[in-house]
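The data block below is entry-v8.tsv; it holds TSV, C-alpha atoms and all ligand atoms.
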chain	number	residue	atom	x	y	z
B	1	MET	CA	96.04	41.37	135.66
B	2	GLU	CA	95.14	42.08	139.27
B	3	ARG	CA	97.11	45.09	140.41
B	4	LEU	CA	98.17	46.43	143.78
B	5	GLU	CA	95.70	49.17	144.72
B	6	ARG	CA	95.60	48.78	148.51
B	7	VAL	CA	98.27	51.08	149.95
B	8	PRO	CA	100.25	49.65	152.91
B	9	ASP	CA	101.19	51.98	155.80
B	10	GLY	CA	104.20	54.16	155.04
B	11	VAL	CA	103.84	53.80	151.25
B	12	ASP	CA	103.12	56.93	149.19
B	13	ALA	CA	101.16	55.95	146.08
B	14	SER	CA	101.05	59.52	144.77
B	15	VAL	CA	104.79	59.77	143.99
B	16	PRO	CA	106.51	57.39	141.56
B	17	SER	CA	108.87	54.91	143.17
B	18	SER	CA	111.82	53.41	141.30
B	19	ALA	CA	111.11	50.01	142.86
B	20	ARG	CA	107.55	50.05	141.52
B	21	VAL	CA	108.50	51.46	138.07
B	22	TYR	CA	111.09	48.69	137.75
B	23	ASP	CA	108.55	46.13	138.93
B	24	TYR	CA	106.18	47.26	136.16
B	25	LEU	CA	108.96	47.06	133.56
B	26	LEU	CA	109.76	43.51	134.67
B	27	GLY	CA	106.09	42.56	134.28
B	28	GLY	CA	105.20	42.63	138.01
B	29	LYS	CA	101.93	43.86	139.52
B	30	ASP	CA	103.20	45.66	142.63
B	31	ASN	CA	102.88	49.17	141.22
B	32	TYR	CA	100.45	52.10	141.12
B	33	ALA	CA	99.06	54.33	138.35
B	34	VAL	CA	101.73	56.97	139.02
B	35	ASP	CA	104.51	54.38	138.47
B	36	ARG	CA	102.91	52.98	135.33
B	37	ALA	CA	102.64	56.53	133.92
B	38	VAL	CA	106.41	57.05	134.30
B	39	ALA	CA	107.18	53.65	132.81
B	40	GLU	CA	104.81	54.14	129.85
B	41	ARG	CA	106.25	57.59	129.10
B	42	LEU	CA	109.68	56.06	129.05
B	43	LEU	CA	108.60	53.08	126.95
B	44	ALA	CA	107.02	55.43	124.40
B	45	LEU	CA	110.40	57.08	123.74
B	46	ALA	CA	112.68	54.13	124.44
B	47	PRO	CA	110.67	50.96	123.79
B	48	ASP	CA	113.62	48.76	124.69
B	49	THR	CA	113.66	49.96	128.30
B	50	ARG	CA	111.75	46.84	129.25
B	51	SER	CA	114.41	44.68	127.56
B	52	VAL	CA	117.20	46.46	129.39
B	53	ALA	CA	115.41	46.03	132.75
B	54	LYS	CA	115.20	42.30	132.04
B	55	ALA	CA	118.82	42.21	130.85
B	56	ASN	CA	119.89	43.94	134.05
B	57	ARG	CA	118.02	41.42	136.18
B	58	ALA	CA	119.64	38.62	134.17
B	59	PHE	CA	123.05	40.22	134.89
B	60	LEU	CA	122.26	40.07	138.63
B	61	THR	CA	121.34	36.41	138.22
B	62	ARG	CA	124.62	35.55	136.50
B	63	ALA	CA	126.70	37.67	138.89
B	64	VAL	CA	125.25	35.94	141.99
B	65	ARG	CA	125.73	32.49	140.45
B	66	PHE	CA	129.31	33.45	139.59
B	67	MET	CA	130.01	34.65	143.14
B	68	ALA	CA	128.47	31.52	144.64
B	69	ALA	CA	130.68	29.40	142.37
B	70	GLU	CA	133.66	31.40	143.72
B	71	GLY	CA	132.66	30.23	147.21
B	72	ILE	CA	130.61	33.19	148.48
B	73	ARG	CA	127.98	32.05	150.97
B	74	GLN	CA	126.74	35.38	152.32
B	75	PHE	CA	125.31	38.32	150.39
B	76	VAL	CA	124.09	41.86	150.95
B	77	ASP	CA	121.70	43.06	148.22
B	78	LEU	CA	121.60	46.87	148.36
B	79	GLY	CA	118.58	48.31	146.55
B	80	THR	CA	116.83	44.94	146.41
B	81	GLY	CA	113.66	45.92	144.60
B	82	ILE	CA	110.26	44.29	144.94
B	83	PRO	CA	110.72	40.51	145.11
B	84	THR	CA	111.15	38.89	141.74
B	85	SER	CA	112.17	35.28	141.19
B	86	PRO	CA	114.86	34.09	141.15
B	87	SER	CA	115.94	36.37	143.98
B	88	VAL	CA	119.41	36.46	145.48
B	89	HIS	CA	118.85	33.80	148.15
B	90	GLU	CA	117.31	31.42	145.60
B	91	LEU	CA	120.33	31.84	143.32
B	92	ALA	CA	122.94	31.56	146.08
B	93	ARG	CA	121.24	28.50	147.57
B	94	GLU	CA	121.46	26.60	144.28
B	95	THR	CA	125.15	26.25	145.22
B	96	HIS	CA	125.14	26.77	149.01
B	97	PRO	CA	121.84	25.65	150.57
B	98	ALA	CA	122.61	27.50	153.81
B	99	ALA	CA	123.59	30.79	152.12
B	100	ARG	CA	122.60	33.90	154.09
B	101	VAL	CA	121.22	37.05	152.52
B	102	VAL	CA	120.46	40.54	153.82
B	103	TYR	CA	118.17	42.61	151.63
B	104	VAL	CA	118.23	46.41	151.96
B	105	ASP	CA	115.91	48.92	150.29
B	106	ASN	CA	114.59	52.34	151.27
B	107	ASP	CA	111.17	51.66	149.74
B	108	PRO	CA	108.92	50.41	152.56
B	109	LEU	CA	107.02	48.19	150.14
B	110	VAL	CA	110.09	45.99	149.69
B	111	LYS	CA	110.25	45.08	153.38
B	112	VAL	CA	106.47	44.56	153.53
B	113	HIS	CA	106.68	42.02	150.69
B	114	ASN	CA	109.92	40.36	151.76
B	115	ASP	CA	108.80	39.90	155.36
B	116	ALA	CA	105.51	38.39	154.20
B	117	LEU	CA	107.31	35.99	151.86
B	118	LEU	CA	110.51	35.24	153.79
B	119	GLY	CA	109.96	36.35	157.39
B	120	GLY	CA	110.26	32.78	158.71
B	121	ASP	CA	113.66	32.11	157.11
B	122	GLN	CA	116.42	32.42	159.71
B	123	GLY	CA	119.07	32.96	157.01
B	124	ILE	CA	117.38	36.02	155.50
B	125	ALA	CA	116.76	39.53	156.83
B	126	THR	CA	115.28	42.59	155.17
B	127	ILE	CA	116.26	46.05	156.35
B	128	GLU	CA	114.45	49.24	155.41
B	129	GLY	CA	117.54	51.38	154.95
B	130	ASP	CA	119.09	54.06	152.79
B	131	ILE	CA	122.33	53.09	151.05
B	132	ARG	CA	123.46	56.70	151.39
B	133	ARG	CA	123.93	55.88	155.09
B	134	PRO	CA	126.15	52.78	155.00
B	135	ASP	CA	127.15	53.03	158.66
B	136	ALA	CA	123.54	52.71	159.78
B	137	ILE	CA	123.11	49.60	157.63
B	138	LEU	CA	126.41	48.10	158.80
B	139	ALA	CA	125.39	48.69	162.43
B	140	ASP	CA	121.94	47.15	162.01
B	141	PRO	CA	121.59	44.15	164.36
B	142	ALA	CA	119.79	42.13	161.67
B	143	LEU	CA	122.80	42.51	159.37
B	144	GLN	CA	125.29	41.85	162.14
B	145	ALA	CA	123.49	38.61	163.04
B	146	LEU	CA	123.84	37.21	159.51
B	147	ILE	CA	126.97	38.69	157.93
B	148	ASP	CA	130.46	37.74	159.12
B	149	PHE	CA	132.88	40.27	157.63
B	150	SER	CA	135.89	38.09	158.46
B	151	GLU	CA	134.64	35.81	155.63
B	152	PRO	CA	134.16	36.73	151.94
B	153	VAL	CA	130.87	38.45	151.25
B	154	GLY	CA	129.07	39.34	148.02
B	155	VAL	CA	127.79	42.92	147.98
B	156	LEU	CA	125.37	43.93	145.24
B	157	PHE	CA	124.77	47.47	143.99
B	158	VAL	CA	122.67	46.50	140.99
B	159	THR	CA	120.96	49.50	139.34
B	160	VAL	CA	120.85	51.44	142.56
B	161	LEU	CA	123.87	53.77	142.51
B	162	HIS	CA	122.26	56.00	139.87
B	163	PHE	CA	119.86	57.06	142.63
B	164	VAL	CA	122.83	58.42	144.60
B	165	SER	CA	124.48	61.55	143.20
B	166	ASP	CA	128.18	62.37	143.43
B	167	GLU	CA	127.30	65.12	145.94
B	168	GLU	CA	125.59	62.51	148.11
B	169	GLY	CA	128.83	60.53	148.15
B	170	ALA	CA	128.11	57.61	145.81
B	171	TYR	CA	131.81	56.65	145.57
B	172	ASP	CA	132.31	56.87	149.34
B	173	VAL	CA	129.31	54.58	149.88
B	174	VAL	CA	130.95	51.79	147.87
B	175	ALA	CA	134.35	52.45	149.49
B	176	ARG	CA	132.81	52.16	152.96
B	177	TRP	CA	131.57	48.65	152.15
B	178	ARG	CA	134.85	47.76	150.38
B	179	ASP	CA	136.83	48.60	153.50
B	180	ARG	CA	134.79	46.07	155.52
B	181	MET	CA	135.05	43.29	152.92
B	182	ALA	CA	137.52	40.43	153.52
B	183	PRO	CA	139.89	39.31	150.73
B	184	GLY	CA	138.01	37.12	148.26
B	185	SER	CA	134.82	39.19	148.67
B	186	HIS	CA	133.06	40.37	145.52
B	187	VAL	CA	131.08	43.44	144.54
B	188	ALA	CA	128.62	43.70	141.63
B	189	VAL	CA	127.73	47.11	140.25
B	190	SER	CA	125.41	48.05	137.39
B	191	ASN	CA	124.30	51.53	136.47
B	192	MET	CA	122.56	53.38	133.65
B	193	THR	CA	125.22	55.09	131.58
B	194	ALA	CA	125.69	58.42	129.89
B	195	GLY	CA	126.23	56.45	126.67
B	196	SER	CA	122.47	55.81	126.52
B	197	ASP	CA	120.38	57.33	123.75
B	198	PRO	CA	119.99	61.06	124.65
B	199	GLU	CA	116.23	61.05	123.96
B	200	ALA	CA	115.72	58.14	126.32
B	201	VAL	CA	117.83	59.86	128.98
B	202	GLU	CA	115.84	63.09	128.60
B	203	SER	CA	112.55	61.25	128.75
B	204	LEU	CA	113.48	59.50	131.98
B	205	ALA	CA	114.82	62.74	133.46
B	206	ALA	CA	111.59	64.59	132.61
B	207	ALA	CA	109.34	61.80	133.88
B	208	THR	CA	111.16	61.51	137.22
B	209	ALA	CA	112.28	65.10	137.90
B	210	HIS	CA	111.91	66.01	141.60
B	211	THR	CA	110.95	62.44	142.55
B	212	PRO	CA	113.01	59.76	144.34
B	213	ALA	CA	113.25	57.91	141.00
B	214	HIS	CA	115.50	60.67	139.56
B	215	SER	CA	118.69	59.12	138.12
B	216	THR	CA	122.34	60.06	137.62
B	217	PHE	CA	123.74	58.73	134.34
B	218	ARG	CA	127.50	58.11	134.64
B	219	THR	CA	130.16	57.62	131.99
B	220	HIS	CA	132.12	54.39	131.68
B	221	GLU	CA	135.14	56.09	133.31
B	222	GLN	CA	133.04	57.36	136.22
B	223	LEU	CA	131.59	53.88	136.74
B	224	LEU	CA	135.07	52.35	136.83
B	225	ARG	CA	135.71	54.43	139.97
B	226	PHE	CA	133.23	52.23	141.85
B	227	PHE	CA	135.73	49.39	141.40
B	228	ASP	CA	138.66	51.22	143.05
B	229	GLY	CA	140.35	48.69	145.34
B	230	PHE	CA	138.77	45.72	143.49
B	231	GLU	CA	140.10	43.64	140.59
B	232	LEU	CA	137.52	43.59	137.80
B	233	VAL	CA	136.82	40.04	136.73
B	234	GLU	CA	136.48	39.22	133.01
B	235	PRO	CA	134.97	40.65	130.86
B	236	GLY	CA	135.26	43.88	132.89
B	237	LEU	CA	132.67	46.66	132.94
B	238	VAL	CA	130.44	46.15	129.88
B	239	PRO	CA	126.80	46.56	128.83
B	240	VAL	CA	124.99	44.08	131.07
B	241	GLN	CA	123.92	41.95	128.09
B	242	ARG	CA	127.60	41.28	127.38
B	243	TRP	CA	128.65	40.22	130.91
B	244	ARG	CA	129.22	36.45	130.59
B	245	PRO	CA	126.10	36.08	128.43
B	246	THR	CA	124.25	32.80	128.19
B	247	ILE	CA	122.10	34.02	125.30
B	248	GLU	CA	122.87	36.28	122.33
B	249	ALA	CA	123.54	39.85	123.56
B	250	VAL	CA	121.13	42.32	121.91
B	251	PRO	CA	122.16	46.01	122.27
B	252	THR	CA	119.61	48.54	123.66
B	253	ARG	CA	119.21	52.34	123.39
B	254	MET	CA	119.15	52.67	127.15
B	255	VAL	CA	122.55	51.31	128.18
B	256	VAL	CA	123.20	49.75	131.57
B	257	GLU	CA	126.80	48.74	132.21
B	258	GLY	CA	127.72	46.17	134.82
B	259	GLY	CA	130.72	44.43	136.24
B	260	VAL	CA	131.97	42.32	139.13
B	261	GLY	CA	135.05	43.13	141.19
B	262	ARG	CA	137.05	40.90	143.53
B	263	ARG	CA	138.66	42.20	146.70
B	264	PRO	CA	142.32	41.07	146.56
S	1	LIG	C1	115.87	49.62	139.61
S	1	LIG	S1	115.56	48.85	141.15
S	1	LIG	C2	116.79	47.58	141.16
S	1	LIG	C3	116.40	46.31	141.89
S	1	LIG	C4	117.45	45.21	141.86
S	1	LIG	N1	118.69	45.64	142.48
S	1	LIG	C5	117.73	44.78	140.45
S	1	LIG	O1	118.66	45.33	139.85
S	1	LIG	O2	117.03	43.90	139.91
S	1	LIG	C6	116.29	50.02	142.30
S	1	LIG	C7	115.96	49.75	143.74
S	1	LIG	O3	116.81	50.57	144.55
S	1	LIG	C8	116.04	51.13	145.60
S	1	LIG	N2	116.70	52.36	146.05
S	1	LIG	C9	116.80	53.54	145.39
S	1	LIG	N3	117.49	54.44	146.13
S	1	LIG	C10	117.84	53.80	147.27
S	1	LIG	C11	118.56	54.19	148.43
S	1	LIG	N4	119.06	55.43	148.55
S	1	LIG	N5	118.73	53.29	149.41
S	1	LIG	C12	118.22	52.03	149.30
S	1	LIG	N6	117.53	51.61	148.23
S	1	LIG	C13	117.34	52.47	147.22
S	1	LIG	C14	114.68	51.35	144.99
S	1	LIG	O4	113.68	51.45	145.99
S	1	LIG	C15	114.54	50.13	144.11
S	1	LIG	O5	113.93	49.06	144.79

Using the file provided, produce a representation of the structure as structure tokens.
Amino acid sequence: MERLERVPDGVDASVPSSARVYDYLLGGKDNYAVDRAVAERLLALAPDTRSVAKANRAFLTRAVRFMAAEGIRQFVDLGTGIPTSPSVHELARETHPAARVVYVDNDPLVKVHNDALLGGDQGIATIEGDIRRPDAILADPALQALIDFSEPVGVLFVTVLHFVSDEEGAYDVVARWRDRMAPGSHVAVSNMTAGSDPEAVESLAAATAHTPAHSTFRTHEQLLRFFDGFELVEPGLVPVQRWRPTIEAVPTRMVVEGGVGRRP
């Protein structure tokens, strides 16, 4: 498979990036040797990590389709990742052809790819931004041009909050968005959990120590706090394979829990 070896401006190919590790796990080719080394180390100890990455992406797919069916026509995808199809605008537009989407990621490679693929689409914007600074994202003119907070909005935090520690204010980040969201808005959250196999957790921690891909594993109870001020829709916060599954749910050693909340 042809791999990405040219390094765009602003991209550091010597430090593993969570976007590129995840891309490799999903079978993409936008990753470097340093990312593949982290992923392979992880796969050696927890071979089902690739399955859980795919199950997480499938959760995002079902959550966006669910929100669109609930009438949501505008989305903010925080921690977008390197483009992978179907992406949020493709899913939302199955139901609402004029759906608008703002993608946000702090990895410069995401904006490089998204702008190349989607730059001509007036209903889509990509912001290079850090979710730890929600006010900067909310004030971004590209977001303000597309998102009308007087209408319901779908906000996605799909496998991104484990990159924000409690000390960095992970719960406040979600609350800041919640306070802007009109009634009928929805939030989707998924996160690696402390209920994962300890060896797999240790392996990931060792492989990503002191890099931006370092993760915080939270307990089920801690994850529920992200839904403060939202009503969890059925089936609640569960391993992503079990959230409204369309195929048989196969458990994995690395556990990612996900849920969708509605703003009353
Ligand atoms: C595991 S990927 C998830 C991609 C996508 N949300 C999904 O679940 O399929 C995590 C993404 O979050 C991004 N990310 C990590 N920390 C971030 C931060 N502080 N601000 C914005 N994006 C961040 C990474 O660059 C990466 O693209």

Pick the closest to Ser150 (chain B) from B:Met181, B:Val76, B:Met192, B:Ala136: which is it, counting all atoms listed in the file?
B:Met181

Kindly indicate which residue among B:Asn191, B:Gln241, B:Ser85, B:Thr159 lies nearest to ligand LIG 1 (chain S), using only C-alpha atoms and all ligand atoms for the distances.
B:Thr159

Write out as a PyMOL selection string which residues come within 12 Å of Ala33 (chain B) when counting all atoms listed in the file, dropping same-chain ones fewer than 3 positions away.
chain B and resi 3-5+12-17+20-21+24+29-30+36-40

Writing out the chosen residues with C-alpha atoms as a tab-separated table (two decimals), in the coordinates of the input:
chain	number	residue	atom	x	y	z
B	3	ARG	CA	97.11	45.09	140.41
B	4	LEU	CA	98.17	46.43	143.78
B	5	GLU	CA	95.70	49.17	144.72
B	12	ASP	CA	103.12	56.93	149.19
B	13	ALA	CA	101.16	55.95	146.08
B	14	SER	CA	101.05	59.52	144.77
B	15	VAL	CA	104.79	59.77	143.99
B	16	PRO	CA	106.51	57.39	141.56
B	17	SER	CA	108.87	54.91	143.17
B	20	ARG	CA	107.55	50.05	141.52
B	21	VAL	CA	108.50	51.46	138.07
B	24	TYR	CA	106.18	47.26	136.16
B	29	LYS	CA	101.93	43.86	139.52
B	30	ASP	CA	103.20	45.66	142.63
B	36	ARG	CA	102.91	52.98	135.33
B	37	ALA	CA	102.64	56.53	133.92
B	38	VAL	CA	106.41	57.05	134.30
B	39	ALA	CA	107.18	53.65	132.81
B	40	GLU	CA	104.81	54.14	129.85

Please determine, counting all atoms listed in the file, which residue among B:Ala98, B:Ile131, B:Leu45, B:Val112 has the shortest atom-to-atom distance to ligand LIG 1 (chain S).
B:Ile131

Which residues, written as a VMD selection string, have at least one atom at most 9 Å from Leu78 (chain B), with all atoms listed in the file counted and residues fewer than 2 positions away on the same chain left out?
chain B and resid 76 80 to 81 102 to 105 129 to 131 155 to 158 160

Straight-line distance linking CA of His113 (chain B) with CA of Thr126 (chain B), stated in Å to one decimal:
9.7 Å

Go ahead and find all residues with at least one atom no further than 10 Å from (135.8, 49.9, 136.7) in the file's coordinates, using all atoms listed in the file; report them as a PyMOL selection string.
chain B and resi 189+220-233+236-238+258-261

Convert the current residue selection to file output with C-alpha atoms, as a PDB file, keeping the file's coordinate frame.
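part19.pdb, freshly written:
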ATOM      1  CA  VAL B 189     127.730  47.110 140.250  1.00  0.00           C
ATOM      2  CA  HIS B 220     132.120  54.390 131.680  1.00  0.00           C
ATOM      3  CA  GLU B 221     135.140  56.090 133.310  1.00  0.00           C
ATOM      4  CA  GLN B 222     133.040  57.360 136.220  1.00  0.00           C
ATOM      5  CA  LEU B 223     131.590  53.880 136.740  1.00  0.00           C
ATOM      6  CA  LEU B 224     135.070  52.350 136.830  1.00  0.00           C
ATOM      7  CA  ARG B 225     135.710  54.430 139.970  1.00  0.00           C
ATOM      8  CA  PHE B 226     133.230  52.230 141.850  1.00  0.00           C
ATOM      9  CA  PHE B 227     135.730  49.390 141.400  1.00  0.00           C
ATOM     10  CA  ASP B 228     138.660  51.220 143.050  1.00  0.00           C
ATOM     11  CA  GLY B 229     140.350  48.690 145.340  1.00  0.00           C
ATOM     12  CA  PHE B 230     138.770  45.720 143.490  1.00  0.00           C
ATOM     13  CA  GLU B 231     140.100  43.640 140.590  1.00  0.00           C
ATOM     14  CA  LEU B 232     137.520  43.590 137.800  1.00  0.00           C
ATOM     15  CA  VAL B 233     136.820  40.040 136.730  1.00  0.00           C
ATOM     16  CA  GLY B 236     135.260  43.880 132.890  1.00  0.00           C
ATOM     17  CA  LEU B 237     132.670  46.660 132.940  1.00  0.00           C
ATOM     18  CA  VAL B 238     130.440  46.150 129.880  1.00  0.00           C
ATOM     19  CA  GLY B 258     127.720  46.170 134.820  1.00  0.00           C
ATOM     20  CA  GLY B 259     130.720  44.430 136.240  1.00  0.00           C
ATOM     21  CA  VAL B 260     131.970  42.320 139.130  1.00  0.00           C
ATOM     22  CA  GLY B 261     135.050  43.130 141.190  1.00  0.00           C
TER      23      GLY B 261
END

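CA of Arg263 (chain B) to CA of Val187 (chain B) spans 8.0 Å [interatomic distance, one decimal].
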
Please put the answer as AutoDock Vina command-line options: centre and edge lengths, in Å with one decimal, of a box along x, y and z that encloses all listed atoms of ligand LIG 1 (chain S) plus 5 Å on each side.
--center_x 116.4 --center_y 49.7 --center_z 144.5 --size_x 15.4 --size_y 21.5 --size_z 19.8

For a quick check of understanding, using all atoms listed in the file, which of B:Gly120, B:Pro134, B:Gly27, B:Pro183 has the smallest distance to ligand LIG 1 (chain S)?
B:Pro134

As a ChimeraX atom specification, please: the residues near Met254 (chain B) (cut-off 12 Å, all atoms listed in the file, same-chain neighbours under 2 positions excluded).
/B:42-43,45-53,55-56,191-204,217,239-241,250-252,256-257

Any chance you can output those residues with C-alpha atoms as a CSV table (one decimal), in the frame of the given file?
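Wrote result_11.csv, looks like this:
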chain,number,residue,atom,x,y,z
B,42,LEU,CA,109.7,56.1,129.0
B,43,LEU,CA,108.6,53.1,127.0
B,45,LEU,CA,110.4,57.1,123.7
B,46,ALA,CA,112.7,54.1,124.4
B,47,PRO,CA,110.7,51.0,123.8
B,48,ASP,CA,113.6,48.8,124.7
B,49,THR,CA,113.7,50.0,128.3
B,50,ARG,CA,111.8,46.8,129.2
B,51,SER,CA,114.4,44.7,127.6
B,52,VAL,CA,117.2,46.5,129.4
B,53,ALA,CA,115.4,46.0,132.8
B,55,ALA,CA,118.8,42.2,130.8
B,56,ASN,CA,119.9,43.9,134.0
B,191,ASN,CA,124.3,51.5,136.5
B,192,MET,CA,122.6,53.4,133.6
B,193,THR,CA,125.2,55.1,131.6
B,194,ALA,CA,125.7,58.4,129.9
B,195,GLY,CA,126.2,56.4,126.7
B,196,SER,CA,122.5,55.8,126.5
B,197,ASP,CA,120.4,57.3,123.8
B,198,PRO,CA,120.0,61.1,124.6
B,199,GLU,CA,116.2,61.0,124.0
B,200,ALA,CA,115.7,58.1,126.3
B,201,VAL,CA,117.8,59.9,129.0
B,202,GLU,CA,115.8,63.1,128.6
B,203,SER,CA,112.6,61.2,128.8
B,204,LEU,CA,113.5,59.5,132.0
B,217,PHE,CA,123.7,58.7,134.3
B,239,PRO,CA,126.8,46.6,128.8
B,240,VAL,CA,125.0,44.1,131.1
B,241,GLN,CA,123.9,42.0,128.1
B,250,VAL,CA,121.1,42.3,121.9
B,251,PRO,CA,122.2,46.0,122.3
B,252,THR,CA,119.6,48.5,123.7
B,256,VAL,CA,123.2,49.8,131.6
B,257,GLU,CA,126.8,48.7,132.2

Contacts of Phe149 (chain B) at 12 Å (only C-alpha atoms; same-chain gap of 6+ positions) as a PyMOL selection string:
chain B and resi 72-76+138+143+155+177-185

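Minimum atom-to-atom distances from B:Ile137, B:Ala145, B:Val255, B:Ile124 to ligand LIG 1 (chain S) were compared using all atoms listed in the file, and the lowest value belongs to B:Ile137.
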
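Atom pair atom N4 of ligand LIG 1 (chain S) / CA of Arg132 (chain B) has a distance of 5.4 Å (rounded to one decimal).
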
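Proximity of B:Gly28, B:Pro83, B:Pro152, B:Pro245 to ligand LIG 1 (chain S), computed with all atoms listed in the file, is greatest for B:Pro83.
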